[in-house]
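Everything below belongs to target.pdb, which stores PDB, C-alpha atoms.
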ATOM      1  CA  MET V   1     102.730  52.822  97.817  1.00  0.00           C
ATOM      2  CA  THR V   2     100.238  55.681  98.158  1.00  0.00           C
ATOM      3  CA  ARG V   3      99.764  57.574  94.890  1.00  0.00           C
ATOM      4  CA  ILE V   4      98.730  61.238  94.820  1.00  0.00           C
ATOM      5  CA  LEU V   5      97.721  63.175  91.708  1.00  0.00           C
ATOM      6  CA  ILE V   6      98.466  66.918  91.867  1.00  0.00           C
ATOM      7  CA  ALA V   7      96.441  69.122  89.494  1.00  0.00           C
ATOM      8  CA  GLU V   8      98.036  72.575  89.770  1.00  0.00           C
ATOM      9  CA  ASP V   9      99.306  74.986  87.101  1.00  0.00           C
ATOM     10  CA  GLU V  10     101.700  77.059  89.242  1.00  0.00           C
ATOM     11  CA  ALA V  11     105.143  75.453  88.966  1.00  0.00           C
ATOM     12  CA  ARG V  12     106.378  76.816  92.303  1.00  0.00           C
ATOM     13  CA  ILE V  13     103.512  75.199  94.201  1.00  0.00           C
ATOM     14  CA  VAL V  14     103.892  71.925  92.280  1.00  0.00           C
ATOM     15  CA  SER V  15     107.582  71.744  93.209  1.00  0.00           C
ATOM     16  CA  PHE V  16     106.776  72.554  96.841  1.00  0.00           C
ATOM     17  CA  LEU V  17     104.126  69.816  97.015  1.00  0.00           C
ATOM     18  CA  GLU V  18     106.153  67.160  95.211  1.00  0.00           C
ATOM     19  CA  LYS V  19     109.215  67.663  97.418  1.00  0.00           C
ATOM     20  CA  GLY V  20     107.188  67.641 100.625  1.00  0.00           C
ATOM     21  CA  LEU V  21     104.976  64.664  99.755  1.00  0.00           C
ATOM     22  CA  SER V  22     107.876  62.614  98.365  1.00  0.00           C
ATOM     23  CA  ALA V  23     109.770  63.193 101.624  1.00  0.00           C
ATOM     24  CA  GLN V  24     106.769  61.670 103.429  1.00  0.00           C
ATOM     25  CA  GLY V  25     106.910  58.522 101.270  1.00  0.00           C
ATOM     26  CA  TYR V  26     104.123  59.336  98.805  1.00  0.00           C
ATOM     27  CA  THR V  27     104.383  58.846  95.043  1.00  0.00           C
ATOM     28  CA  THR V  28     103.215  61.909  93.099  1.00  0.00           C
ATOM     29  CA  LEU V  29     102.305  62.857  89.552  1.00  0.00           C
ATOM     30  CA  ALA V  30     101.542  66.449  88.566  1.00  0.00           C
ATOM     31  CA  VAL V  31      99.372  67.777  85.735  1.00  0.00           C
ATOM     32  CA  ASN V  32      98.689  71.421  84.902  1.00  0.00           C
ATOM     33  CA  THR V  33      95.312  71.367  83.116  1.00  0.00           C
ATOM     34  CA  GLY V  34      91.822  70.345  84.080  1.00  0.00           C
ATOM     35  CA  THR V  35      91.563  68.144  80.999  1.00  0.00           C
ATOM     36  CA  ASP V  36      94.556  66.060  82.093  1.00  0.00           C
ATOM     37  CA  ALA V  37      93.203  65.881  85.651  1.00  0.00           C
ATOM     38  CA  VAL V  38      89.897  64.430  84.426  1.00  0.00           C
ATOM     39  CA  ALA V  39      91.707  61.900  82.238  1.00  0.00           C
ATOM     40  CA  LEU V  40      93.995  60.635  85.012  1.00  0.00           C
ATOM     41  CA  ALA V  41      91.931  60.914  88.224  1.00  0.00           C
ATOM     42  CA  ARG V  42      90.763  57.310  88.510  1.00  0.00           C
ATOM     43  CA  ASP V  43      90.325  55.138  91.584  1.00  0.00           C
ATOM     44  CA  ASP V  44      92.458  52.327  90.158  1.00  0.00           C
ATOM     45  CA  THR V  45      95.377  54.694  89.478  1.00  0.00           C
ATOM     46  CA  PHE V  46      95.493  57.182  92.374  1.00  0.00           C
ATOM     47  CA  ASP V  47      94.592  57.229  96.063  1.00  0.00           C
ATOM     48  CA  LEU V  48      94.004  60.984  96.361  1.00  0.00           C
ATOM     49  CA  LEU V  49      93.709  64.100  94.198  1.00  0.00           C
ATOM     50  CA  ILE V  50      95.003  67.545  95.197  1.00  0.00           C
ATOM     51  CA  LEU V  51      93.055  69.887  92.927  1.00  0.00           C
ATOM     52  CA  ASP V  52      93.571  73.588  92.206  1.00  0.00           C
ATOM     53  CA  LEU V  53      90.320  75.384  91.395  1.00  0.00           C
ATOM     54  CA  GLY V  54      91.926  77.806  88.917  1.00  0.00           C
ATOM     55  CA  LEU V  55      93.085  75.329  86.278  1.00  0.00           C
ATOM     56  CA  PRO V  56      93.164  76.176  82.557  1.00  0.00           C
ATOM     57  CA  GLY V  57      90.934  74.182  80.258  1.00  0.00           C
ATOM     58  CA  ARG V  58      88.436  72.871  82.775  1.00  0.00           C
ATOM     59  CA  ASP V  59      88.434  74.629  86.130  1.00  0.00           C
ATOM     60  CA  GLY V  60      88.559  72.627  89.352  1.00  0.00           C
ATOM     61  CA  ARG V  61      84.819  72.592  89.937  1.00  0.00           C
ATOM     62  CA  GLN V  62      84.203  71.203  86.457  1.00  0.00           C
ATOM     63  CA  VAL V  63      86.887  68.569  87.091  1.00  0.00           C
ATOM     64  CA  LEU V  64      85.035  67.573  90.257  1.00  0.00           C
ATOM     65  CA  ARG V  65      81.714  67.304  88.437  1.00  0.00           C
ATOM     66  CA  ASP V  66      83.262  65.212  85.661  1.00  0.00           C
ATOM     67  CA  ILE V  67      85.065  62.686  87.835  1.00  0.00           C
ATOM     68  CA  ARG V  68      82.201  62.278  90.312  1.00  0.00           C
ATOM     69  CA  SER V  69      79.666  61.858  87.494  1.00  0.00           C
ATOM     70  CA  ARG V  70      81.550  58.810  86.221  1.00  0.00           C
ATOM     71  CA  GLY V  71      81.696  57.293  89.712  1.00  0.00           C
ATOM     72  CA  GLU V  72      85.256  57.969  90.885  1.00  0.00           C
ATOM     73  CA  LYS V  73      85.434  57.821  94.702  1.00  0.00           C
ATOM     74  CA  LEU V  74      89.035  58.924  95.377  1.00  0.00           C
ATOM     75  CA  PRO V  75      89.344  61.676  98.031  1.00  0.00           C
ATOM     76  CA  VAL V  76      89.803  65.204  96.666  1.00  0.00           C
ATOM     77  CA  ILE V  77      91.430  68.100  98.513  1.00  0.00           C
ATOM     78  CA  VAL V  78      90.829  71.416  96.784  1.00  0.00           C
ATOM     79  CA  LEU V  79      93.458  74.162  96.761  1.00  0.00           C
ATOM     80  CA  THR V  80      92.015  77.606  96.258  1.00  0.00           C
ATOM     81  CA  ALA V  81      93.124  81.220  96.319  1.00  0.00           C
ATOM     82  CA  ARG V  82      89.422  82.054  96.382  1.00  0.00           C
ATOM     83  CA  ASP V  83      87.929  82.280  99.845  1.00  0.00           C
ATOM     84  CA  GLY V  84      84.356  83.113  98.892  1.00  0.00           C
ATOM     85  CA  ILE V  85      81.508  80.986 100.242  1.00  0.00           C
ATOM     86  CA  ASP V  86      80.352  80.088  96.727  1.00  0.00           C
ATOM     87  CA  ASP V  87      83.708  78.556  95.820  1.00  0.00           C
ATOM     88  CA  THR V  88      84.382  76.662  99.046  1.00  0.00           C
ATOM     89  CA  VAL V  89      80.860  75.417  99.709  1.00  0.00           C
ATOM     90  CA  GLY V  90      80.317  74.836  95.992  1.00  0.00           C
ATOM     91  CA  SER V  91      83.422  72.651  95.794  1.00  0.00           C
ATOM     92  CA  LEU V  92      82.277  70.546  98.737  1.00  0.00           C
ATOM     93  CA  SER V  93      78.786  70.147  97.298  1.00  0.00           C
ATOM     94  CA  GLU V  94      80.272  69.016  93.979  1.00  0.00           C
ATOM     95  CA  GLY V  95      82.285  66.235  95.586  1.00  0.00           C
ATOM     96  CA  ALA V  96      85.402  67.661  97.250  1.00  0.00           C
ATOM     97  CA  ASP V  97      86.278  66.105 100.609  1.00  0.00           C
ATOM     98  CA  ASP V  98      88.233  69.069 101.981  1.00  0.00           C
ATOM     99  CA  TYR V  99      89.780  72.352 100.933  1.00  0.00           C
ATOM    100  CA  VAL V 100      92.867  74.408 101.804  1.00  0.00           C
ATOM    101  CA  THR V 101      93.094  78.132 101.128  1.00  0.00           C
ATOM    102  CA  LYS V 102      96.277  79.546  99.583  1.00  0.00           C
ATOM    103  CA  PRO V 103      98.767  80.465 100.881  1.00  0.00           C
ATOM    104  CA  PHE V 104      99.131  77.415 103.118  1.00  0.00           C
ATOM    105  CA  ARG V 105     101.763  75.676 105.224  1.00  0.00           C
ATOM    106  CA  PHE V 106     102.876  72.214 104.151  1.00  0.00           C
ATOM    107  CA  GLU V 107     102.121  70.773 107.594  1.00  0.00           C
ATOM    108  CA  GLU V 108      98.524  71.991 107.288  1.00  0.00           C
ATOM    109  CA  LEU V 109      98.057  70.283 103.923  1.00  0.00           C
ATOM    110  CA  LEU V 110      99.855  67.143 105.115  1.00  0.00           C
ATOM    111  CA  ALA V 111      97.450  66.820 108.035  1.00  0.00           C
ATOM    112  CA  ARG V 112      94.496  66.982 105.608  1.00  0.00           C
ATOM    113  CA  VAL V 113      96.135  64.406 103.312  1.00  0.00           C
ATOM    114  CA  ARG V 114      96.719  61.988 106.181  1.00  0.00           C
ATOM    115  CA  LEU V 115      93.170  62.439 107.406  1.00  0.00           C
ATOM    116  CA  ARG V 116      91.708  61.583 104.003  1.00  0.00           C
ATOM    117  CA  LEU V 117      94.006  58.597 103.462  1.00  0.00           C
ATOM    118  CA  ARG V 118      93.716  57.175 106.947  1.00  0.00           C
ATOM    119  CA  ASP V 119      92.544  53.588 107.110  1.00  0.00           C
ATOM    120  CA  GLU V 120      89.955  53.123 109.845  1.00  0.00           C
ATOM    121  CA  GLN V 121      91.751  49.946 110.845  1.00  0.00           C
ATOM    122  CA  SER V 122      95.015  51.829 111.335  1.00  0.00           C
ATOM    123  CA  PRO V 123      94.301  55.277 112.779  1.00  0.00           C
ATOM    124  CA  GLU V 124      97.060  57.827 112.525  1.00  0.00           C
ATOM    125  CA  THR V 125      99.288  58.221 115.552  1.00  0.00           C
ATOM    126  CA  THR V 126      98.322  61.325 117.485  1.00  0.00           C
ATOM    127  CA  LEU V 127     101.109  61.150 120.077  1.00  0.00           C
ATOM    128  CA  LEU V 128     104.739  61.664 119.067  1.00  0.00           C
ATOM    129  CA  SER V 129     107.476  60.784 121.577  1.00  0.00           C
ATOM    130  CA  VAL V 130     111.215  61.143 121.099  1.00  0.00           C
ATOM    131  CA  GLY V 131     113.486  60.813 124.090  1.00  0.00           C
ATOM    132  CA  GLY V 132     111.881  62.796 126.873  1.00  0.00           C
ATOM    133  CA  VAL V 133     109.828  65.006 124.553  1.00  0.00           C
ATOM    134  CA  SER V 134     106.171  64.238 123.737  1.00  0.00           C
ATOM    135  CA  LEU V 135     103.672  66.017 121.491  1.00  0.00           C
ATOM    136  CA  ASP V 136      99.943  65.342 121.616  1.00  0.00           C
ATOM    137  CA  LEU V 137      98.717  66.363 118.158  1.00  0.00           C
ATOM    138  CA  ARG V 138      95.062  66.415 119.170  1.00  0.00           C
ATOM    139  CA  SER V 139      95.318  68.570 122.281  1.00  0.00           C
ATOM    140  CA  ARG V 140      98.361  70.495 120.920  1.00  0.00           C
ATOM    141  CA  ARG V 141     100.100  69.794 124.236  1.00  0.00           C
ATOM    142  CA  ALA V 142     103.868  69.456 124.595  1.00  0.00           C
ATOM    143  CA  THR V 143     105.771  67.906 127.499  1.00  0.00           C
ATOM    144  CA  HIS V 144     109.448  67.453 128.288  1.00  0.00           C
ATOM    145  CA  GLU V 145     110.155  64.831 130.920  1.00  0.00           C
ATOM    146  CA  THR V 146     107.372  65.708 133.396  1.00  0.00           C
ATOM    147  CA  ARG V 147     107.058  69.396 132.494  1.00  0.00           C
ATOM    148  CA  THR V 148     104.328  70.856 130.309  1.00  0.00           C
ATOM    149  CA  ILE V 149     105.894  73.198 127.753  1.00  0.00           C
ATOM    150  CA  ASP V 150     104.018  76.243 126.477  1.00  0.00           C
ATOM    151  CA  LEU V 151     104.640  76.546 122.741  1.00  0.00           C
ATOM    152  CA  THR V 152     103.345  79.016 120.187  1.00  0.00           C
ATOM    153  CA  ALA V 153     101.695  77.603 117.053  1.00  0.00           C
ATOM    154  CA  ARG V 154     104.911  78.090 115.039  1.00  0.00           C
ATOM    155  CA  GLU V 155     107.088  76.522 117.735  1.00  0.00           C
ATOM    156  CA  PHE V 156     104.730  73.541 117.908  1.00  0.00           C
ATOM    157  CA  ALA V 157     104.798  73.087 114.111  1.00  0.00           C
ATOM    158  CA  LEU V 158     108.604  73.316 114.051  1.00  0.00           C
ATOM    159  CA  LEU V 159     108.992  70.787 116.862  1.00  0.00           C
ATOM    160  CA  GLU V 160     106.503  68.467 115.145  1.00  0.00           C
ATOM    161  CA  SER V 161     108.654  68.571 111.989  1.00  0.00           C
ATOM    162  CA  PHE V 162     111.717  67.552 113.989  1.00  0.00           C
ATOM    163  CA  MET V 163     109.854  64.808 115.852  1.00  0.00           C
ATOM    164  CA  ARG V 164     108.517  63.241 112.682  1.00  0.00           C
ATOM    165  CA  HIS V 165     112.153  62.882 111.512  1.00  0.00           C
ATOM    166  CA  PRO V 166     114.174  62.063 114.673  1.00  0.00           C
ATOM    167  CA  GLY V 167     117.908  61.931 114.083  1.00  0.00           C
ATOM    168  CA  GLN V 168     117.516  63.220 110.515  1.00  0.00           C
ATOM    169  CA  VAL V 169     119.213  66.434 109.438  1.00  0.00           C
ATOM    170  CA  LEU V 170     116.623  68.947 108.212  1.00  0.00           C
ATOM    171  CA  SER V 171     117.855  71.901 106.184  1.00  0.00           C
ATOM    172  CA  ARG V 172     116.672  75.444 106.812  1.00  0.00           C
ATOM    173  CA  GLU V 173     114.875  75.351 103.430  1.00  0.00           C
ATOM    174  CA  GLN V 174     112.983  72.182 104.404  1.00  0.00           C
ATOM    175  CA  LEU V 175     111.943  73.676 107.722  1.00  0.00           C
ATOM    176  CA  LEU V 176     110.924  76.962 106.113  1.00  0.00           C
ATOM    177  CA  SER V 177     108.692  75.200 103.586  1.00  0.00           C
ATOM    178  CA  HIS V 178     107.196  72.782 106.129  1.00  0.00           C
ATOM    179  CA  VAL V 179     106.415  75.353 108.815  1.00  0.00           C
ATOM    180  CA  TRP V 180     106.136  78.708 107.025  1.00  0.00           C
ATOM    181  CA  GLY V 181     104.753  77.518 103.685  1.00  0.00           C
ATOM    182  CA  TYR V 182     105.815  77.878 100.073  1.00  0.00           C
ATOM    183  CA  ASP V 183     105.723  81.693 100.216  1.00  0.00           C
ATOM    184  CA  PHE V 184     108.779  81.983 102.471  1.00  0.00           C
ATOM    185  CA  ASP V 185     111.848  84.207 102.070  1.00  0.00           C
ATOM    186  CA  PRO V 186     114.827  81.834 101.552  1.00  0.00           C
ATOM    187  CA  GLY V 187     117.167  84.460 103.009  1.00  0.00           C
ATOM    188  CA  SER V 188     115.271  84.682 106.281  1.00  0.00           C
ATOM    189  CA  ASN V 189     116.872  83.659 109.587  1.00  0.00           C
ATOM    190  CA  VAL V 190     113.489  82.860 111.141  1.00  0.00           C
ATOM    191  CA  VAL V 191     114.353  79.149 111.479  1.00  0.00           C
ATOM    192  CA  ASP V 192     117.445  79.959 113.558  1.00  0.00           C
ATOM    193  CA  VAL V 193     115.379  82.281 115.737  1.00  0.00           C
ATOM    194  CA  TYR V 194     112.709  79.650 116.413  1.00  0.00           C
ATOM    195  CA  VAL V 195     115.244  76.894 117.014  1.00  0.00           C
ATOM    196  CA  ARG V 196     116.711  79.159 119.686  1.00  0.00           C
ATOM    197  CA  TYR V 197     113.250  79.557 121.226  1.00  0.00           C
ATOM    198  CA  LEU V 198     112.805  75.757 121.326  1.00  0.00           C
ATOM    199  CA  ARG V 199     116.222  75.278 122.901  1.00  0.00           C
ATOM    200  CA  GLN V 200     115.367  77.779 125.604  1.00  0.00           C
ATOM    201  CA  LYS V 201     112.206  75.825 126.424  1.00  0.00           C
ATOM    202  CA  LEU V 202     113.466  72.252 125.957  1.00  0.00           C
ATOM    203  CA  GLY V 203     117.153  72.533 126.799  1.00  0.00           C
ATOM    204  CA  GLY V 204     120.107  73.250 124.548  1.00  0.00           C
ATOM    205  CA  ASP V 205     121.041  69.601 123.952  1.00  0.00           C
ATOM    206  CA  VAL V 206     117.759  68.511 122.327  1.00  0.00           C
ATOM    207  CA  ILE V 207     118.270  70.112 118.890  1.00  0.00           C
ATOM    208  CA  GLN V 208     121.748  69.854 117.403  1.00  0.00           C
ATOM    209  CA  THR V 209     123.243  72.206 114.813  1.00  0.00           C
ATOM    210  CA  VAL V 210     124.895  70.396 111.891  1.00  0.00           C
ATOM    211  CA  ARG V 211     127.200  73.019 110.468  1.00  0.00           C
ATOM    212  CA  GLY V 212     126.517  73.892 106.841  1.00  0.00           C
ATOM    213  CA  MET V 213     123.542  71.514 106.653  1.00  0.00           C
ATOM    214  CA  GLY V 214     120.811  72.371 109.179  1.00  0.00           C
ATOM    215  CA  TYR V 215     119.466  70.945 112.420  1.00  0.00           C
ATOM    216  CA  ARG V 216     118.458  67.599 113.852  1.00  0.00           C
ATOM    217  CA  LEU V 217     116.564  66.366 116.856  1.00  0.00           C
ATOM    218  CA  ILE V 218     118.674  64.071 119.015  1.00  0.00           C
ATOM    219  CA  ALA V 219     116.769  60.776 119.229  1.00  0.00           C
TER     220      ALA V 219
END
Structure translated into structure tokens:
Amino acid sequence: MTRILIAEDEARIVSFLEKGLSAQGYTTLAVNTGTDAVALARDDTFDLLILDLGLPGRDGRQVLRDIRSRGEKLPVIVLTARDGIDDTVGSLSEGADDYVTKPFRFEELLARVRLRLRDEQSPETTLLSVGGVSLDLRSRRATHETRTIDLTAREFALLESFMRHPGQVLSREQLLSHVWGYDFDPGSNVVDVYVRYLRQKLGGDVIQTVRGMGYRLIA
């Protein structure tokens, strides 16, 4: 079981990350201070640390310095609302492996997590195929049967979410958080609009509406 430590003091983001990562099969633990992050971020306890720079107590850069100085090697992905060169480059120079700028989409963070956890002996699948639909995650190319399908970035991200969970009902809230990020409007009908776009491009029988629950990709 892959274990991820989340060091973040904003409850809304913690909930967003825990729900999304748990749905992907990861075990998570969240702390909200830099002091707790330093105490718990150990190679023999966790496989990866998601670290907010703006933590109370010790900030994220100090956390990085502390854990690297004692020899911890676990990958660290920094979350930051700061987009200045000093913060991003400084974090990398102090031992971060990657960074994501807030606000972010869950799929963006998930891709970074998978990249950092990937075992060289078992590279991550870069081609998803369900029925007659295929997505090449490297080239961002979509095909249906023998046709190449032109998708916008949002359409591609939405279809990727469906194809990673074939046959599973995904609620509008899940799709909003995965594709549009944690800063979405829960009353928005944007999911319905984009599902309609995908149906127009792929055919109306590929994505099924499950009344009162959400949508699913027919496997």
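The interatomic distance for the pair CA of Asn32 in chain V and CA of Gly187 in chain V works out to 29.0 Å.
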Expanded to explicit residues, what is the PyMOL selection byres ((chain V and resi 52-64) around 9) for this file, as a ChimeraX atom specification?
-> /V:6-9,32-35,37-38,50-51,65-69,76-82,87,90-91,94-96
Grab the residues selected above and save them as a short mmCIF file (atom, residue, chain, number, x, y, z; two decimals), keeping the file's coordinate frame with C-alpha atoms.
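The resulting file, result_14.cif, is reproduced below:
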data_model
loop_
_atom_site.label_atom_id
_atom_site.label_comp_id
_atom_site.auth_asym_id
_atom_site.auth_seq_id
_atom_site.Cartn_x
_atom_site.Cartn_y
_atom_site.Cartn_z
CA ILE V 6 98.47 66.92 91.87
CA ALA V 7 96.44 69.12 89.49
CA GLU V 8 98.04 72.58 89.77
CA ASP V 9 99.31 74.99 87.10
CA ASN V 32 98.69 71.42 84.90
CA THR V 33 95.31 71.37 83.12
CA GLY V 34 91.82 70.34 84.08
CA THR V 35 91.56 68.14 81.00
CA ALA V 37 93.20 65.88 85.65
CA VAL V 38 89.90 64.43 84.43
CA ILE V 50 95.00 67.54 95.20
CA LEU V 51 93.06 69.89 92.93
CA ARG V 65 81.71 67.30 88.44
CA ASP V 66 83.26 65.21 85.66
CA ILE V 67 85.06 62.69 87.84
CA ARG V 68 82.20 62.28 90.31
CA SER V 69 79.67 61.86 87.49
CA VAL V 76 89.80 65.20 96.67
CA ILE V 77 91.43 68.10 98.51
CA VAL V 78 90.83 71.42 96.78
CA LEU V 79 93.46 74.16 96.76
CA THR V 80 92.02 77.61 96.26
CA ALA V 81 93.12 81.22 96.32
CA ARG V 82 89.42 82.05 96.38
CA ASP V 87 83.71 78.56 95.82
CA GLY V 90 80.32 74.84 95.99
CA SER V 91 83.42 72.65 95.79
CA GLU V 94 80.27 69.02 93.98
CA GLY V 95 82.28 66.24 95.59
CA ALA V 96 85.40 67.66 97.25
#
Return as a PyMOL selection string the set of residues that the PyMOL selection byres ((chain V and resi 109-118) around 12) yields on the displayed structure.
-> chain V and resi 1-6+16-18+20-26+46-50+73-79+96-108+119-126+137-138+157+160-161+177-179+181-182
Got a sec to resolve the PyMOL selection byres ((chain V and resi 211) around 12) on this structure and send the residues as a PyMOL selection string?
-> chain V and resi 169-172+208-210+212-216
Suppose you want the space between CA of Gly204 in chain V and CA of Ile218 in chain V; what is it in Å?
->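 Going from CA of Gly204 in chain V over to CA of Ile218 in chain V, I get 10.8 Å.
What separates CA of Trp180 in chain V from CA of Ala153 in chain V is a distance of 11.0 Å.
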Near Phe156 in chain V, counting all atoms listed in the file, which residues have an atom at most 12 Å away, once you skip same-chain residues fewer than 2 positions from it, shown as a ChimeraX atom specification?
-> /V:107,128,133-137,139-143,149-154,158-163,179,194-195,197-198,201-202
Restricting the output to C-alpha atoms, write the selected residues as an mmCIF file, keeping the file's coordinate frame.
data_model
loop_
_atom_site.group_PDB
_atom_site.id
_atom_site.type_symbol
_atom_site.label_atom_id
_atom_site.label_comp_id
_atom_site.auth_asym_id
_atom_site.auth_seq_id
_atom_site.Cartn_x
_atom_site.Cartn_y
_atom_site.Cartn_z
ATOM 1 C CA GLU V 107 102.121 70.773 107.594
ATOM 2 C CA LEU V 128 104.739 61.664 119.067
ATOM 3 C CA VAL V 133 109.828 65.006 124.553
ATOM 4 C CA SER V 134 106.171 64.238 123.737
ATOM 5 C CA LEU V 135 103.672 66.017 121.491
ATOM 6 C CA ASP V 136 99.943 65.342 121.616
ATOM 7 C CA LEU V 137 98.717 66.363 118.158
ATOM 8 C CA SER V 139 95.318 68.570 122.281
ATOM 9 C CA ARG V 140 98.361 70.495 120.920
ATOM 10 C CA ARG V 141 100.100 69.794 124.236
ATOM 11 C CA ALA V 142 103.868 69.456 124.595
ATOM 12 C CA THR V 143 105.771 67.906 127.499
ATOM 13 C CA ILE V 149 105.894 73.198 127.753
ATOM 14 C CA ASP V 150 104.018 76.243 126.477
ATOM 15 C CA LEU V 151 104.640 76.546 122.741
ATOM 16 C CA THR V 152 103.345 79.016 120.187
ATOM 17 C CA ALA V 153 101.695 77.603 117.053
ATOM 18 C CA ARG V 154 104.911 78.090 115.039
ATOM 19 C CA LEU V 158 108.604 73.316 114.051
ATOM 20 C CA LEU V 159 108.992 70.787 116.862
ATOM 21 C CA GLU V 160 106.503 68.467 115.145
ATOM 22 C CA SER V 161 108.654 68.571 111.989
ATOM 23 C CA PHE V 162 111.717 67.552 113.989
ATOM 24 C CA MET V 163 109.854 64.808 115.852
ATOM 25 C CA VAL V 179 106.415 75.353 108.815
ATOM 26 C CA TYR V 194 112.709 79.650 116.413
ATOM 27 C CA VAL V 195 115.244 76.894 117.014
ATOM 28 C CA TYR V 197 113.250 79.557 121.226
ATOM 29 C CA LEU V 198 112.805 75.757 121.326
ATOM 30 C CA LYS V 201 112.206 75.825 126.424
ATOM 31 C CA LEU V 202 113.466 72.252 125.957
#
Between V:Glu155, V:Val89, V:Thr45, V:Gln168, single out the one closest to Thr27 in chain V, counting only C-alpha atoms.
->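 Closest to Thr27 in chain V, using only C-alpha atoms: V:Thr45.
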Can you put N, CA and C atoms back into range 159-177 of chain V and show it as a compact mmCIF listing (two decimals), keeping the file's coordinate frame?
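Here's the written file result.txt:
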# COMPACT_ATOMS: atom_id res chain seq x y z
N LEU V 159 108.63 71.96 116.07
CA LEU V 159 108.99 70.79 116.86
C LEU V 159 108.37 69.52 116.28
N GLU V 160 107.14 69.63 115.78
CA GLU V 160 106.50 68.47 115.14
C GLU V 160 107.31 67.99 113.94
N SER V 161 107.82 68.94 113.14
CA SER V 161 108.65 68.57 111.99
C SER V 161 109.88 67.79 112.43
N PHE V 162 110.55 68.27 113.48
CA PHE V 162 111.72 67.55 113.99
C PHE V 162 111.34 66.17 114.50
N MET V 163 110.21 66.08 115.21
CA MET V 163 109.85 64.81 115.85
C MET V 163 109.34 63.77 114.87
N ARG V 164 108.90 64.20 113.72
CA ARG V 164 108.52 63.24 112.68
C ARG V 164 109.74 62.70 111.95
N HIS V 165 110.91 63.32 112.17
CA HIS V 165 112.15 62.88 111.51
C HIS V 165 113.28 62.83 112.54
N PRO V 166 113.14 62.06 113.62
CA PRO V 166 114.17 62.06 114.67
C PRO V 166 115.52 61.57 114.15
N GLY V 167 116.56 62.31 114.50
CA GLY V 167 117.91 61.93 114.08
C GLY V 167 118.26 62.34 112.67
N GLN V 168 117.29 62.83 111.91
CA GLN V 168 117.52 63.22 110.52
C GLN V 168 117.85 64.70 110.44
N VAL V 169 118.85 65.03 109.62
CA VAL V 169 119.21 66.43 109.44
C VAL V 169 118.18 67.10 108.53
N LEU V 170 117.59 68.17 109.00
CA LEU V 170 116.62 68.95 108.21
C LEU V 170 117.25 70.30 107.87
N SER V 171 117.26 70.63 106.61
CA SER V 171 117.86 71.90 106.18
C SER V 171 116.93 73.06 106.54
N ARG V 172 117.49 74.26 106.56
CA ARG V 172 116.67 75.44 106.81
C ARG V 172 115.57 75.57 105.77
N GLU V 173 115.88 75.25 104.50
CA GLU V 173 114.88 75.35 103.43
C GLU V 173 113.72 74.38 103.69
N GLN V 174 114.05 73.14 104.09
CA GLN V 174 112.98 72.18 104.40
C GLN V 174 112.09 72.69 105.53
N LEU V 175 112.71 73.21 106.57
CA LEU V 175 111.94 73.68 107.72
C LEU V 175 111.11 74.91 107.36
N LEU V 176 111.68 75.80 106.56
CA LEU V 176 110.92 76.96 106.11
C LEU V 176 109.68 76.55 105.34
N SER V 177 109.83 75.60 104.40
CA SER V 177 108.69 75.20 103.59
C SER V 177 107.67 74.42 104.40
